[in-house]
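Have a look at the structure below before the remarks.
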Amino acid sequence: MEIGKYSWGIGDRFAHQAEAQLKAMILAKNAGIDIVPVWNKSNREHMFIRSEPTATRAAADAAVKALGWTGQYFCDADHINMNNVDRFMNACDFFTLDVADYIGKEAATEEIEAFIEANKKYIGNLSIPGIAKPFIITENNVRNIAKKFLFAIKEAATIYQYVVKAKGEGNFVPEVSMDEVNDAQSPVEMFFILSAIAQYKIPAQTIAPKFTGRFNKGVDYVGDIKQFATEFEEDLLVIDFAVKEFGLPENLKLSIHSGSDKFSIYPVMGELIKKHNKGIHVKTAGTTWLEEVIGLAEAGGDGLEVAKKIYADTYEHQSEMTAPYATVIDIDFTKIPAPEEVNSWDSQKFAESLRHVPSNPNYNPNFRQLIHVAFKIAANLGAVYTKALEKYAEIVGQQVTENLWERHIKLLFGIR
């Protein structure tokens, strides 16, 4: 089972927007870009909302049938580990093997020494085709990389083999994820990480590294775009070289997590994957939930009241809501409005404050990030929220489709 060249992780917290999301992929296909939809929802999100992966699969299957989609599609067991993989086994055919928690834990000394021995040929000047200057590699470099990453990759292999026993070899797409850490992985580290992935026989088709800069939830990239471009291009070239050196799957591609709304680097990524004829996987999970709230606000009446209720409850429980996402949000709490102020807003003011259009004077990235991490509040509203989604399905769905198509897909692929 091989995933297509371009794929998009489209999370749907409440399993109501699968058709709206798929419509964006259809618009892309009509424009000549084949994108594989991958519906993803993490264990943490299922726990917060009290849902099961089978609901994600059911929603995806129903959307595919309703819209007559004939291309590939997948359901992603997002950020799974040995503690929670079982609940995803039957519903999913894409498994994101999350090893972030294991980075920095050391493998056994003999395993580290064996890894150094296996990679001895790369000590000295390591030349990667397309990268101007060779990397100077010492035995100590390799040892330090092994100490930092080898145990984590071995853990990924343990999860991978566990899934293989249940689903069979080649019956799912494996991804290795190491993005939810503080330090970015350098291209040299990426090369030896891929060596370890090959050594432990994980046929990874996508890999999600941590890049320099801030990839905060639901807002634009914060960092040096030129430095990001250099890292991104070097990673593309390292992957290409590693595929040939280590016998990894030829379709192995970069996966950009927390890709939601990284508008300033989309053109950079688009130009580089086009330049090198490479694929990409982008995850934009959280933006669907935000577009639901925008849609309810746009609907006015009781839809707007539900949106305001969500914000008021979020404001009251802001510490609880933000704590699990502390590493991927930057909120200036002095710039979030009090519920009393928000209660005076009309539909336009609420929607424009939340919608990610930086040129709009009403846009408030702090307000947006706070609501982004507060989907548990909507879950606690239960039927009040889901019935509002159903009542205003048309306007909500329109927001979801337009967001994916107009602000994401068109920007990444340079579609006019």
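Letters A, B, ... go to the chains of the structure tokens in the order shown; residues in each chain start at 1; ligands are counted from 1 in the same order.
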
Original post:
Would you give me, as a ChimeraX atom specification, the residues in stretch 114-250 of chain A that DSSP reads as alpha helix (DSSP H)?
Top reply: /A:114-118,139-167,187-199,225-246

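Contact shell of A:Asn343 at 12 Å (only C-alpha atoms; same-chain neighbours under 6 positions omitted): A:Ala297, A:Leu304, A:Glu305, A:Val306, A:Ala307, A:Lys308, A:Lys309, A:Ile310, A:Tyr311, A:Ala312, A:Pro337, A:Lys349, A:Phe350.
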
Mind writing the picked residues with N, CA, C and O atoms as a CSV table (one decimal), in the first residue's frame?
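That gives us out.csv:
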```
chain,number,residue,atom,x,y,z
A,297,ALA,N,-20.8,31.4,14.0
A,297,ALA,CA,-20.9,32.9,14.2
A,297,ALA,C,-21.5,33.6,13.0
A,297,ALA,O,-22.4,34.5,13.1
A,304,LEU,N,-24.6,32.1,16.6
A,304,LEU,CA,-23.7,33.0,17.2
A,304,LEU,C,-23.7,32.9,18.7
A,304,LEU,O,-22.6,33.0,19.3
A,305,GLU,N,-24.8,32.6,19.3
A,305,GLU,CA,-24.9,32.4,20.7
A,305,GLU,C,-24.1,31.2,21.2
A,305,GLU,O,-23.4,31.2,22.2
A,306,VAL,N,-24.1,30.1,20.4
A,306,VAL,CA,-23.3,29.0,20.7
A,306,VAL,C,-21.8,29.3,20.7
A,306,VAL,O,-21.0,28.9,21.5
A,307,ALA,N,-21.4,30.0,19.6
A,307,ALA,CA,-20.0,30.4,19.5
A,307,ALA,C,-19.6,31.3,20.7
A,307,ALA,O,-18.5,31.1,21.2
A,308,LYS,N,-20.4,32.2,21.1
A,308,LYS,CA,-20.1,33.1,22.2
A,308,LYS,C,-20.0,32.3,23.5
A,308,LYS,O,-19.2,32.5,24.4
A,309,LYS,N,-20.9,31.3,23.7
A,309,LYS,CA,-20.9,30.4,24.8
A,309,LYS,C,-19.6,29.6,24.9
A,309,LYS,O,-19.0,29.5,26.0
A,310,ILE,N,-19.2,29.1,23.8
A,310,ILE,CA,-17.9,28.4,23.7
A,310,ILE,C,-16.8,29.3,24.2
A,310,ILE,O,-15.9,28.9,25.0
A,311,TYR,N,-16.7,30.5,23.7
A,311,TYR,CA,-15.7,31.4,24.1
A,311,TYR,C,-15.7,31.8,25.6
A,311,TYR,O,-14.7,31.8,26.3
A,312,ALA,N,-16.9,32.0,26.1
A,312,ALA,CA,-17.0,32.4,27.5
A,312,ALA,C,-16.5,31.2,28.4
A,312,ALA,O,-15.8,31.5,29.4
A,337,PRO,N,-10.0,39.2,24.5
A,337,PRO,CA,-11.1,40.0,25.0
A,337,PRO,C,-11.8,39.3,26.1
A,337,PRO,O,-11.9,38.1,26.2
A,349,LYS,N,-18.0,40.7,13.4
A,349,LYS,CA,-16.9,41.0,14.3
A,349,LYS,C,-16.3,39.7,14.9
A,349,LYS,O,-15.1,39.5,14.9
A,350,PHE,N,-17.2,38.8,15.3
A,350,PHE,CA,-16.7,37.5,15.9
A,350,PHE,C,-16.0,36.7,14.8
A,350,PHE,O,-14.9,36.2,15.0
```

Original post:
Do you know which residues are at most 7 Å from stretch 110-120 of chain A counting only C-alpha atoms, after dropping those on the same chain fewer than 6 positions away, and could you put them as a list in words?
Top reply: Val142, Arg143, Ala146 and Lys147 of chain A

Please produce an output containing all heavy atoms for each residue in the selection, written as an mmCIF file, in the first residue's frame.
```cif
data_model
loop_
_atom_site.group_PDB
_atom_site.id
_atom_site.type_symbol
_atom_site.label_atom_id
_atom_site.label_comp_id
_atom_site.auth_asym_id
_atom_site.auth_seq_id
_atom_site.Cartn_x
_atom_site.Cartn_y
_atom_site.Cartn_z
ATOM 1 N N VAL A 142 28.329 10.742 15.162
ATOM 2 C CA VAL A 142 27.441 9.587 14.981
ATOM 3 C C VAL A 142 27.031 9.019 16.332
ATOM 4 O O VAL A 142 25.862 8.656 16.547
ATOM 5 C CB VAL A 142 28.106 8.500 14.111
ATOM 6 C CG1 VAL A 142 27.153 7.336 13.888
ATOM 7 C CG2 VAL A 142 28.555 9.087 12.772
ATOM 8 N N ARG A 143 27.977 8.962 17.263
ATOM 9 C CA ARG A 143 27.672 8.435 18.593
ATOM 10 C C ARG A 143 26.607 9.301 19.298
ATOM 11 O O ARG A 143 25.658 8.787 19.885
ATOM 12 C CB ARG A 143 28.937 8.346 19.442
ATOM 13 C CG ARG A 143 28.679 7.860 20.879
ATOM 14 C CD ARG A 143 29.951 7.605 21.667
ATOM 15 N NE ARG A 143 30.577 6.346 21.264
ATOM 16 C CZ ARG A 143 31.643 6.242 20.495
ATOM 17 N NH1 ARG A 143 32.250 7.342 20.053
ATOM 18 N NH2 ARG A 143 32.140 5.062 20.175
ATOM 19 N N ALA A 146 23.259 8.751 17.732
ATOM 20 C CA ALA A 146 22.734 7.446 18.163
ATOM 21 C C ALA A 146 22.210 7.515 19.595
ATOM 22 O O ALA A 146 21.146 6.962 19.903
ATOM 23 C CB ALA A 146 23.816 6.382 18.031
ATOM 24 N N LYS A 147 22.940 8.196 20.461
ATOM 25 C CA LYS A 147 22.493 8.328 21.851
ATOM 26 C C LYS A 147 21.157 9.063 21.947
ATOM 27 O O LYS A 147 20.332 8.757 22.809
ATOM 28 C CB LYS A 147 23.552 9.058 22.683
ATOM 29 C CG LYS A 147 24.773 8.219 23.030
ATOM 30 C CD LYS A 147 25.743 9.029 23.893
ATOM 31 C CE LYS A 147 26.925 8.177 24.334
ATOM 32 N NZ LYS A 147 27.868 8.950 25.193
#
```

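Among the candidates A:Asn84, A:Thr288, A:Thr386, A:Gln227, the one nearest to A:Ser186 when counting only C-alpha atoms is A:Gln227.
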
Original post:
Could you write out, as a PyMOL selection string, all the residues of stretch 198-231 of chain A that DSSP marks as strand (DSSP E or B)?
Top reply: chain A and resi 206-208+214+222

Original post:
For A:Gly303, which residue among A:Lys275, A:Glu390, A:Ile239, A:Lys283 is the nearest when counting only C-alpha atoms?
Top reply: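 Among the listed residues, A:Glu390 lies closest to A:Gly303.
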